[in-house]
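Novice: Just one file: protein_10.txt, with compact mmCIF, C-alpha atoms.
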# COMPACT_ATOMS: atom_id res chain seq x y z
CA MET A 9 -61.49 36.03 -219.61
CA SER A 10 -58.72 34.85 -221.93
CA ASP A 11 -58.00 38.46 -222.93
CA LYS A 12 -57.45 39.44 -219.31
CA THR A 13 -55.18 36.56 -218.37
CA HIS A 14 -53.13 37.21 -221.48
CA SER A 15 -52.43 40.75 -220.39
CA GLU A 16 -51.60 39.48 -216.88
CA HIS A 17 -49.00 37.13 -218.24
CA GLU A 18 -47.28 39.98 -220.01
CA ALA A 19 -47.46 42.18 -216.94
CA GLY A 20 -45.77 39.36 -214.98
CA GLY A 21 -42.71 39.79 -217.14
CA HIS A 22 -42.26 36.06 -217.60
CA GLY A 23 -44.76 34.48 -219.95
CA HIS A 24 -45.30 31.58 -217.53
CA SER A 25 -45.54 31.72 -213.74
CA ARG A 26 -43.04 29.42 -212.00
CA TRP A 27 -45.83 27.78 -210.05
CA LEU A 28 -48.31 27.24 -212.88
CA ALA A 29 -48.69 23.48 -213.41
CA HIS A 30 -48.54 22.49 -217.07
CA HIS A 31 -52.08 21.06 -217.10
CA PHE A 32 -53.61 24.46 -216.29
CA ASP A 33 -54.02 27.21 -218.85
CA THR A 34 -53.94 30.18 -216.47
CA PRO A 35 -53.01 30.87 -212.82
CA GLU A 36 -56.66 31.69 -212.19
CA GLN A 37 -57.85 28.35 -213.47
CA GLN A 38 -55.29 26.71 -211.21
CA PHE A 39 -56.43 28.83 -208.27
CA PHE A 40 -60.11 27.98 -208.66
CA SER A 41 -59.38 24.28 -209.19
CA ALA A 42 -57.25 24.17 -206.05
CA LYS A 43 -59.98 25.92 -204.05
CA LEU A 44 -62.70 23.61 -205.29
CA GLY A 45 -60.54 20.60 -204.45
CA MET A 46 -59.91 21.99 -200.99
CA TRP A 47 -63.61 22.61 -200.38
CA ILE A 48 -64.42 19.05 -201.38
CA PHE A 49 -61.79 17.81 -198.93
CA LEU A 50 -63.26 20.04 -196.19
CA VAL A 51 -66.69 18.58 -196.91
CA THR A 52 -65.36 15.05 -196.34
CA GLU A 53 -63.89 16.32 -193.05
CA ILE A 54 -67.26 17.69 -191.99
CA LEU A 55 -68.96 14.40 -192.83
CA PHE A 56 -66.19 12.55 -190.98
CA PHE A 57 -66.77 14.60 -187.81
CA SER A 58 -70.55 14.32 -188.21
CA GLY A 59 -70.31 10.64 -187.23
CA LEU A 60 -69.02 11.66 -183.80
CA PHE A 61 -71.52 14.51 -183.52
CA CYS A 62 -74.19 11.94 -184.29
CA ALA A 63 -72.99 9.69 -181.45
CA TYR A 64 -73.10 12.75 -179.21
CA ALA A 65 -76.67 13.61 -180.30
CA VAL A 66 -77.98 10.08 -179.71
CA TYR A 67 -76.41 9.82 -176.25
CA ARG A 68 -77.44 13.30 -175.22
CA ARG A 69 -81.01 12.76 -176.40
CA ASN A 70 -81.36 9.45 -174.54
CA TYR A 71 -79.21 10.07 -171.47
CA PRO A 72 -79.16 13.82 -170.78
CA GLU A 73 -78.30 13.22 -167.09
CA ILE A 74 -74.89 11.78 -168.07
CA PHE A 75 -74.00 15.05 -169.80
CA ALA A 76 -75.30 17.16 -166.93
CA ASP A 77 -72.95 15.26 -164.60
CA GLY A 78 -70.06 14.99 -167.02
CA HIS A 79 -69.63 18.65 -167.87
CA HIS A 80 -68.87 19.44 -164.20
CA PHE A 81 -65.61 17.59 -164.74
CA LEU A 82 -64.52 19.89 -167.56
CA ASP A 83 -62.86 23.24 -166.92
CA THR A 84 -64.95 25.96 -168.63
CA THR A 85 -62.22 28.58 -168.17
CA MET A 86 -59.67 26.41 -169.96
CA GLY A 87 -62.21 25.73 -172.72
CA ALA A 88 -63.00 29.44 -173.07
CA ILE A 89 -59.29 30.34 -173.23
CA ASN A 90 -58.78 27.77 -175.94
CA THR A 91 -61.77 29.13 -177.86
CA ALA A 92 -60.28 32.62 -177.77
CA VAL A 93 -56.84 31.30 -178.79
CA LEU A 94 -58.31 29.47 -181.78
CA ILE A 95 -60.41 32.45 -182.88
CA PHE A 96 -57.36 34.70 -182.67
CA SER A 97 -55.31 32.21 -184.68
CA SER A 98 -58.07 32.20 -187.28
CA LEU A 99 -57.75 35.97 -187.53
CA THR A 100 -53.99 35.79 -188.05
CA MET A 101 -54.43 33.01 -190.60
CA ALA A 102 -56.99 35.06 -192.54
CA TRP A 103 -54.57 37.97 -192.34
CA ALA A 104 -51.78 35.73 -193.67
CA VAL A 105 -53.91 34.94 -196.74
CA ARG A 106 -54.53 38.66 -197.22
CA ALA A 107 -50.78 39.40 -196.88
CA ALA A 108 -49.95 36.75 -199.47
CA GLN A 109 -52.55 38.21 -201.86
CA LEU A 110 -50.92 41.64 -201.43
CA SER A 111 -47.37 40.21 -201.75
CA GLN A 112 -46.50 41.45 -198.22
CA LYS A 113 -43.84 38.88 -197.42
CA ARG A 114 -42.96 40.07 -193.91
CA VAL A 115 -46.57 40.40 -192.79
CA LEU A 116 -47.23 36.91 -194.12
CA ILE A 117 -44.32 35.43 -192.15
CA VAL A 118 -45.31 37.22 -188.92
CA CYS A 119 -48.94 36.11 -189.27
CA LEU A 120 -47.94 32.49 -189.86
CA ILE A 121 -45.65 32.52 -186.81
CA ILE A 122 -48.42 33.94 -184.59
CA THR A 123 -50.82 31.30 -185.91
CA LEU A 124 -48.31 28.57 -185.08
CA VAL A 125 -47.75 29.93 -181.57
CA CYS A 126 -51.52 29.94 -181.00
CA ALA A 127 -51.78 26.37 -182.25
CA PHE A 128 -49.13 25.26 -179.76
CA ALA A 129 -50.84 27.26 -176.99
CA PHE A 130 -54.09 25.43 -177.77
CA LEU A 131 -52.34 22.06 -177.49
CA GLY A 132 -50.65 23.18 -174.28
CA VAL A 133 -53.97 24.00 -172.63
CA LYS A 134 -55.42 20.75 -173.99
CA TYR A 135 -52.50 18.85 -172.48
CA GLN A 136 -53.21 20.43 -169.08
CA GLU A 137 -56.84 19.36 -169.35
CA TYR A 138 -56.05 15.80 -170.45
CA HIS A 139 -53.43 15.51 -167.72
CA ALA A 140 -55.99 16.44 -165.03
CA LYS A 141 -58.39 13.81 -166.43
CA TRP A 142 -55.64 11.21 -166.36
CA GLU A 143 -54.76 12.07 -162.75
CA HIS A 144 -58.38 11.45 -161.72
CA ARG A 145 -58.48 8.25 -163.78
CA LEU A 146 -61.27 9.61 -165.99
CA VAL A 147 -59.95 8.03 -169.20
CA PRO A 148 -62.01 4.99 -170.32
CA GLY A 149 -59.73 1.96 -170.44
CA GLN A 150 -57.01 3.79 -168.53
CA ALA A 151 -55.79 0.65 -166.71
CA ARG A 152 -55.19 -1.03 -170.06
CA LEU A 153 -53.37 2.03 -171.43
CA GLU A 154 -51.16 2.12 -168.32
CA LYS A 155 -50.19 -1.53 -168.82
CA TRP A 156 -49.44 -0.87 -172.48
CA PHE A 157 -47.25 2.10 -171.68
CA GLY A 158 -45.62 0.25 -168.76
CA VAL A 159 -46.68 2.80 -166.12
CA SER A 160 -49.19 0.57 -164.34
CA GLU A 161 -48.90 0.09 -160.59
CA SER A 162 -50.40 -3.39 -160.74
CA GLU A 163 -48.58 -6.39 -162.19
CA GLY A 164 -49.78 -9.08 -164.55
CA PRO A 165 -51.31 -9.26 -168.02
CA VAL A 166 -54.14 -7.03 -169.29
CA THR A 167 -57.49 -8.21 -167.94
CA ARG A 168 -61.04 -7.61 -169.09
CA THR A 169 -61.74 -5.11 -166.31
CA ASP A 170 -58.72 -3.03 -167.37
CA ALA A 171 -60.64 -1.99 -170.47
CA GLY A 172 -63.45 -0.49 -168.36
CA PHE A 173 -63.94 2.89 -166.78
CA HIS A 174 -62.64 3.00 -163.20
CA PRO A 175 -62.43 6.63 -162.07
CA ASP A 176 -60.98 7.95 -158.84
CA ARG A 177 -64.16 7.43 -156.85
CA HIS A 178 -63.23 9.76 -154.03
CA TYR A 179 -62.88 12.69 -156.43
CA VAL A 180 -65.86 11.74 -158.58
CA ASP A 181 -68.27 11.11 -155.70
CA GLU A 182 -67.36 14.37 -154.04
CA LYS A 183 -67.95 16.32 -157.23
CA ILE A 184 -71.27 14.66 -158.09
CA GLN A 185 -72.50 15.17 -154.52
CA LYS A 186 -71.41 18.83 -154.61
CA TYR A 187 -73.73 19.63 -157.53
CA SER A 188 -76.65 17.60 -156.18
CA ASN A 189 -79.36 19.28 -154.11
CA ARG A 190 -79.84 16.23 -151.86
CA LYS A 191 -77.75 13.53 -150.19
CA LEU A 192 -77.12 10.74 -152.69
CA SER A 193 -77.10 7.07 -151.69
CA GLN A 194 -74.10 4.85 -152.40
CA ALA A 195 -76.06 2.99 -155.11
CA GLU A 196 -76.89 6.28 -156.84
CA LEU A 197 -73.27 7.41 -156.68
CA ASP A 198 -72.12 4.04 -158.09
CA ASP A 199 -74.55 4.40 -160.96
CA ARG A 200 -73.66 7.98 -161.79
CA ALA A 201 -69.91 7.43 -161.53
CA LYS A 202 -70.18 4.47 -163.92
CA ASN A 203 -72.26 6.54 -166.33
CA LEU A 204 -69.47 9.10 -166.71
CA GLY A 205 -67.71 6.48 -168.87
CA PRO A 206 -69.71 7.14 -172.06
CA PHE A 207 -69.39 10.91 -171.54
CA PHE A 208 -65.62 10.75 -171.38
CA GLY A 209 -65.57 8.28 -174.27
CA ILE A 210 -67.35 10.86 -176.41
CA TYR A 211 -65.29 13.72 -174.96
CA PHE A 212 -61.94 12.08 -175.75
CA CYS A 213 -63.02 10.95 -179.22
CA LEU A 214 -64.30 14.40 -180.22
CA THR A 215 -61.53 16.52 -178.68
CA GLY A 216 -58.89 13.92 -179.59
CA LEU A 217 -59.86 13.92 -183.25
CA HIS A 218 -59.98 17.71 -183.16
CA GLY A 219 -56.57 17.82 -181.48
CA PHE A 220 -55.20 15.54 -184.18
CA HIS A 221 -56.42 18.09 -186.74
CA VAL A 222 -54.65 20.85 -184.84
CA ILE A 223 -51.40 18.84 -185.09
CA CYS A 224 -51.95 18.37 -188.85
CA GLY A 225 -52.58 22.12 -189.08
CA ILE A 226 -49.28 22.81 -187.29
CA ILE A 227 -47.44 20.65 -189.84
CA ALA A 228 -49.17 22.41 -192.76
CA ILE A 229 -48.53 25.91 -191.39
CA THR A 230 -44.86 25.05 -190.74
CA TRP A 231 -44.61 23.99 -194.39
CA LEU A 232 -46.16 27.33 -195.41
CA LEU A 233 -43.72 29.18 -193.17
CA VAL A 234 -40.71 27.47 -194.75
CA ARG A 235 -41.98 28.25 -198.23
CA SER A 236 -42.82 31.85 -197.40
CA LEU A 237 -39.29 32.32 -195.99
CA LYS A 238 -38.04 31.13 -199.37
CA GLY A 239 -40.25 33.81 -200.91
CA HIS A 240 -42.50 31.45 -202.86
CA PHE A 241 -45.75 33.29 -202.26
CA SER A 242 -46.95 36.49 -203.85
CA ALA A 243 -50.08 37.90 -205.45
CA GLU A 244 -49.42 35.53 -208.35
CA TYR A 245 -49.32 32.40 -206.26
CA VAL A 246 -51.40 32.21 -203.07
CA GLU A 247 -53.32 28.95 -203.26
CA PRO A 248 -51.24 26.93 -200.74
CA VAL A 249 -51.70 29.73 -198.17
CA ASP A 250 -55.37 30.00 -199.05
CA CYS A 251 -56.01 26.23 -198.85
CA VAL A 252 -54.15 25.71 -195.56
CA GLY A 253 -56.05 28.76 -194.30
CA LEU A 254 -59.35 27.09 -195.20
CA TYR A 255 -58.25 23.95 -193.35
CA TRP A 256 -57.27 25.95 -190.28
CA HIS A 257 -60.61 27.78 -190.25
CA LEU A 258 -62.39 24.44 -190.41
CA VAL A 259 -60.51 23.34 -187.28
CA ASP A 260 -61.78 26.55 -185.64
CA LEU A 261 -65.29 25.90 -186.96
CA ILE A 262 -65.45 22.43 -185.36
CA TRP A 263 -64.22 23.82 -182.05
CA ILE A 264 -66.92 26.51 -182.16
CA TYR A 265 -69.45 23.66 -181.87
CA LEU A 266 -67.44 21.42 -179.54
CA PHE A 267 -67.00 24.09 -176.89
CA PRO A 268 -70.69 24.69 -176.07
CA LEU A 269 -71.62 21.01 -176.63
CA LEU A 270 -69.08 19.67 -174.12
CA TYR A 271 -68.27 22.48 -171.69
CA LEU A 272 -71.38 24.65 -171.58
CA ILE A 273 -74.15 22.30 -170.53
CA HIS A 274 -76.63 23.77 -168.15
CA MET B 18 -64.08 46.85 -205.20
CA ALA B 19 -63.06 50.50 -205.04
CA VAL B 20 -64.45 50.96 -201.55
CA ASN B 21 -62.30 50.11 -198.49
CA MET B 22 -59.14 49.79 -200.55
CA THR B 23 -55.75 50.36 -198.96
CA ALA B 24 -52.85 51.82 -200.95
CA ALA B 25 -51.30 48.40 -201.40
CA GLU B 26 -54.55 46.96 -202.64
CA ALA B 27 -54.99 49.80 -205.07
CA ALA B 28 -51.45 49.23 -206.35
CA HIS B 29 -52.21 45.57 -206.63
CA SER B 30 -55.17 46.21 -208.89
CA ASP B 31 -53.54 48.82 -211.10
CA ASP B 32 -54.62 46.85 -214.07
CA PRO B 33 -58.30 47.78 -214.49
CA LYS B 34 -58.95 44.39 -216.03
CA HIS B 35 -57.52 42.60 -213.01
CA GLU B 36 -60.13 40.50 -211.24
CA GLY B 37 -58.19 37.96 -209.23
CA PRO B 38 -59.23 36.52 -205.88
CA HIS B 39 -60.89 39.03 -203.59
CA VAL B 40 -58.73 40.58 -200.87
CA VAL B 41 -60.75 40.89 -197.65
CA PRO B 42 -60.29 44.39 -196.12
CA GLY B 43 -58.38 44.40 -192.85
CA ALA B 44 -61.19 46.23 -191.07
CA THR B 45 -63.61 43.46 -192.01
CA LEU B 46 -61.29 40.79 -190.59
CA LEU B 47 -60.91 42.73 -187.33
CA GLY B 48 -64.67 43.29 -187.13
CA VAL B 49 -65.36 39.59 -187.59
CA PHE B 50 -62.78 38.76 -184.91
CA ALA B 51 -64.43 41.20 -182.46
CA ALA B 52 -67.87 39.72 -183.21
CA LEU B 53 -66.58 36.17 -182.63
CA MET B 54 -65.02 37.12 -179.29
CA ALA B 55 -68.19 38.95 -178.17
CA LEU B 56 -70.35 35.95 -179.12
CA THR B 57 -68.03 33.61 -177.21
CA TYR B 58 -68.54 35.78 -174.14
CA VAL B 59 -72.33 35.77 -174.66
CA THR B 60 -72.50 32.00 -175.02
CA VAL B 61 -70.47 31.47 -171.81
CA ALA B 62 -72.61 34.02 -169.94
CA ALA B 63 -75.86 32.46 -171.21
CA THR B 64 -74.97 29.20 -169.43
CA ASN B 65 -75.61 30.93 -166.09
CA PHE B 66 -79.32 31.23 -166.84
CA ASP B 67 -81.58 28.23 -166.52
CA LEU B 68 -83.83 28.22 -169.56
CA GLY B 69 -84.47 24.48 -169.72
CA HIS B 70 -84.21 23.05 -173.21
CA LEU B 71 -83.74 26.54 -174.61
CA ASN B 72 -80.15 26.61 -173.28
CA LEU B 73 -79.02 24.05 -175.83
CA TRP B 74 -80.79 25.80 -178.71
CA ILE B 75 -79.39 29.22 -177.74
CA ALA B 76 -75.87 27.76 -177.53
CA MET B 77 -76.28 26.09 -180.92
CA GLY B 78 -77.77 29.26 -182.42
CA ILE B 79 -74.82 31.37 -181.24
CA ALA B 80 -72.37 28.72 -182.49
CA THR B 81 -74.08 28.80 -185.89
CA VAL B 82 -73.87 32.59 -186.11
CA LYS B 83 -70.15 32.34 -185.23
CA ALA B 84 -69.64 29.58 -187.78
CA SER B 85 -71.37 31.70 -190.45
CA PHE B 86 -69.00 34.59 -189.76
CA VAL B 87 -65.98 32.30 -190.07
CA VAL B 88 -67.26 30.67 -193.26
CA LEU B 89 -68.38 33.89 -194.99
CA TYR B 90 -65.41 36.14 -194.18
CA PHE B 91 -62.41 34.16 -192.94
CA MET B 92 -63.09 31.40 -195.46
CA HIS B 93 -64.04 33.91 -198.18
CA LEU B 94 -67.26 32.14 -199.19
CA ARG B 95 -69.02 35.47 -199.50
CA TYR B 96 -66.61 36.52 -202.24
CA ASP B 97 -65.79 33.10 -203.60
CA SER B 98 -67.05 31.13 -206.57
CA PRO B 99 -70.71 30.27 -205.75
CA PHE B 100 -70.00 26.67 -206.63
CA ASN B 101 -67.74 26.29 -203.56
CA GLY B 102 -70.59 27.61 -201.44
CA PHE B 103 -72.92 25.13 -203.10
CA VAL B 104 -70.58 22.24 -202.26
CA PHE B 105 -70.50 23.36 -198.62
CA VAL B 106 -74.27 23.79 -198.28
CA VAL B 107 -74.91 20.38 -199.86
CA ALA B 108 -72.56 18.84 -197.28
CA LEU B 109 -74.50 20.51 -194.47
CA ALA B 110 -77.73 19.18 -195.96
CA PHE B 111 -76.32 15.66 -195.89
CA VAL B 112 -75.14 16.08 -192.30
CA TRP B 113 -78.65 17.17 -191.38
CA LEU B 114 -80.13 14.18 -193.22
CA PHE B 115 -77.72 11.83 -191.42
CA LEU B 116 -78.49 13.25 -187.96
CA ALA B 117 -82.24 13.43 -188.64
CA PHE B 118 -82.53 9.80 -189.73
CA VAL B 119 -80.43 8.50 -186.85
CA MET B 120 -82.40 10.56 -184.34
CA VAL B 121 -85.75 9.40 -185.72
CA ASP B 122 -84.54 5.82 -185.44
CA SER B 123 -83.14 6.34 -181.96
CA VAL B 124 -86.29 8.03 -180.63
CA GLN B 125 -88.37 5.22 -182.11
CA TYR B 126 -86.43 2.35 -180.54
CA GLN B 127 -85.19 3.78 -177.25
CA PRO B 128 -88.39 2.96 -175.28
CA GLY B 129 -88.09 -0.66 -176.42
CA ILE B 130 -84.44 -0.77 -175.38
CA ASN B 131 -85.28 0.68 -171.98
CA LYS B 132 -88.04 -1.88 -171.48
CA LEU B 133 -85.74 -4.74 -172.41
CA ARG B 134 -83.10 -3.48 -170.03
CA LEU B 135 -85.62 -3.26 -167.19
CA GLU B 136 -86.76 -6.83 -167.84
CA GLN B 137 -83.17 -8.06 -167.87
CA ARG B 138 -82.50 -6.37 -164.58
CA GLN B 139 -85.55 -8.09 -163.04
CA VAL B 140 -84.36 -11.47 -164.38
CA ASP B 141 -80.89 -10.83 -162.87
CA GLN B 142 -82.48 -10.19 -159.50
Take the structure in the file and give it back as structure tokens.
Specialist:
Amino acid sequence: MSDKTHSEHEAGGHGHSRWLAHHFDTPEQQFFSAKLGMWIFLVTEILFFSGLFCAYAVYRRNYPEIFADGHHFLDTTMGAINTAVLIFSSLTMAWAVRAAQLSQKRVLIVCLIITLVCAFAFLGVKYQEYHAKWEHRLVPGQARLEKWFGVSESEGPVTRTDAGFHPDRHYVDEKIQKYSNRKLSQAELDDRAKNLGPFFGIYFCLTGLHGFHVICGIIAITWLLVRSLKGHFSAEYVEPVDCVGLYWHLVDLIWIYLFPLLYLIH
Amino acid sequence: MAVNMTAAEAAHSDDPKHEGPHVVPGATLLGVFAALMALTYVTVAATNFDLGHLNLWIAMGIATVKASFVVLYFMHLRYDSPFNGFVFVVALAFVWLFLAFVMVDSVQYQPGINKLRLEQRQVDQ
């Protein structure tokens, strides 16, 4: 091991790589430490998300009918497009890591730009979806949010009922009735419309937290792009690209589970 | 290592002693991408069939196959230090433990909660 790294240093032409921190003996040691650190961070992310997945599991186990109703309000096509966009961005990110390892500067830059474009496309589709939910008043506590943001139609201070779930009943009733095989009574419709609240609570928490990770990914990839334009990365120094890549793949990984759990309920 | 090597990769590993991080072949990345897209199509198509409880398990099975592809190839775990893989698998074990305990608890107490709720409703009326 030490023999090999010694010869690598000499081949590099400059006894010490510019990016080798003083507390590491070799670039390889630095690389494996960075990767281990990144994996431990990813593990905390998985455990962090597992709390929300747990909430999902408990609600779905105990109230499956809420999820059967709720998923009719999500657009499967939009979800599928976003899945494809994220998978493609994962490919370009993996290719960016490969380009950095092979010191292909231009390929690296192009791959990072495509990944960024995909990330923005994902958020764009997500915005469309959230906007439609907002229009139909499907956001729990929407009345309170509207008062906070100053876009409420009603006057006065925030009341207790503002915090609740008050969807556009005309839209909701029509949709629930459409997927029912019999005529539903008003009491049944009241009940089922009210029960959409927990579904959208879970939906916005899960996709919102995921969307926040996409935004963090955009910031990290932009940072990589700036550094790769400065020519910082090469076969000798890839760990920032590799670690951001791992983070981006994790964002994809979470979405791989979110998509069937929220959109594809039979 | 010698198999599936492009010219650039071969140049990169001129030094026979060189054993840096593994470079995933481009064909492998494209293959994984194709598999992920195909599985996404399958999982969407599978929703059209009513298989009762099986639907959820099929969807989760496909998602897990997709996740394995991403983790093994895009995230390099197949070529990486086994310790990183160990860290990841231990995390999954703890997630499973967390979900399992909560579900056991929930299944145990839900009938009681339902009963209480029914009684409360009767009192309200």
Novice: Could you build a table of the residues in chain B lying no more than 6 Å from chain A, giving for each the nearest pair of atoms and their separation in Å rounded to one decimal place, using all atoms listed in the file, ordered by chain and ascending residue number, as a Markdown table?
Specialist:
| residue | atom | partner | partner_atom | distance |
| --- | --- | --- | --- | --- |
| B:Val40 | CA | A:Arg106 | CA | 5.9 |
| B:Thr64 | CA | A:His274 | CA | 5.8 |
| B:Ala80 | CA | A:Tyr265 | CA | 5.9 |
| B:Ala84 | CA | A:Leu261 | CA | 5.8 |
| B:Phe91 | CA | A:Ala102 | CA | 5.5 |
| B:Met92 | CA | A:Leu254 | CA | 5.7 |
| B:Asn101 | CA | A:Leu44 | CA | 6.0 |
| B:Ala108 | CA | A:Val51 | CA | 5.9 |
| B:Leu116 | CA | A:Cys62 | CA | 5.8 |
Novice: Grab the residues selected above and save them as a compact mmCIF listing (two decimals), keeping the file's coordinate frame with C-alpha atoms.
Specialist:
# COMPACT_ATOMS: atom_id res chain seq x y z
CA VAL B 40 -58.73 40.58 -200.87
CA THR B 64 -74.97 29.20 -169.43
CA ALA B 80 -72.37 28.72 -182.49
CA ALA B 84 -69.64 29.58 -187.78
CA PHE B 91 -62.41 34.16 -192.94
CA MET B 92 -63.09 31.40 -195.46
CA ASN B 101 -67.74 26.29 -203.56
CA ALA B 108 -72.56 18.84 -197.28
CA LEU B 116 -78.49 13.25 -187.96
Novice: Write out as a tab-separated table (two decimals) with C-alpha atoms, in the coordinates of the input each polymer residue whose atoms come within 8 Å of Val252 (chain A), counting only C-alpha atoms; drop sequence neighbours fewer than 6 positions from it.
Specialist:
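Below is the file that was written, out14.tsv:
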chain	number	residue	atom	x	y	z
A	225	GLY	CA	-52.58	22.12	-189.08
A	228	ALA	CA	-49.17	22.41	-192.76
A	229	ILE	CA	-48.53	25.91	-191.39
Novice: Interatomic distance between CA of Arg200 (chain A) and CA of Asn72 (chain B)?
Specialist: 22.8 Å
Novice: May I ask for the distance between CA of Gly149 (chain A) and CA of Phe173 (chain A), given in Å to one decimal place?
Specialist: 5.7 Å
Novice: Which distance in Å separates CA of Ala151 (chain A) and CA of Gly205 (chain A), to one decimal?
Specialist: 13.4 Å
Novice: Which of these residues is nearest to Leu270 (chain A), using all atoms listed in the file: B:Met54, B:Val59, B:Met77, B:Leu46?
Specialist: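 Ranking B:Met54, B:Val59, B:Met77, B:Leu46 by distance to Leu270 (chain A), first place goes to B:Met77.
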Novice: Any idea what's packed within 8 Å of Tyr90 (chain B), counting all atoms listed in the file, ignoring anything in its chain fewer than 3 positions away? Could you give it as an MDAnalysis selection string?
Specialist: chainID B and resid 41 45:46 49 86:87 93:95
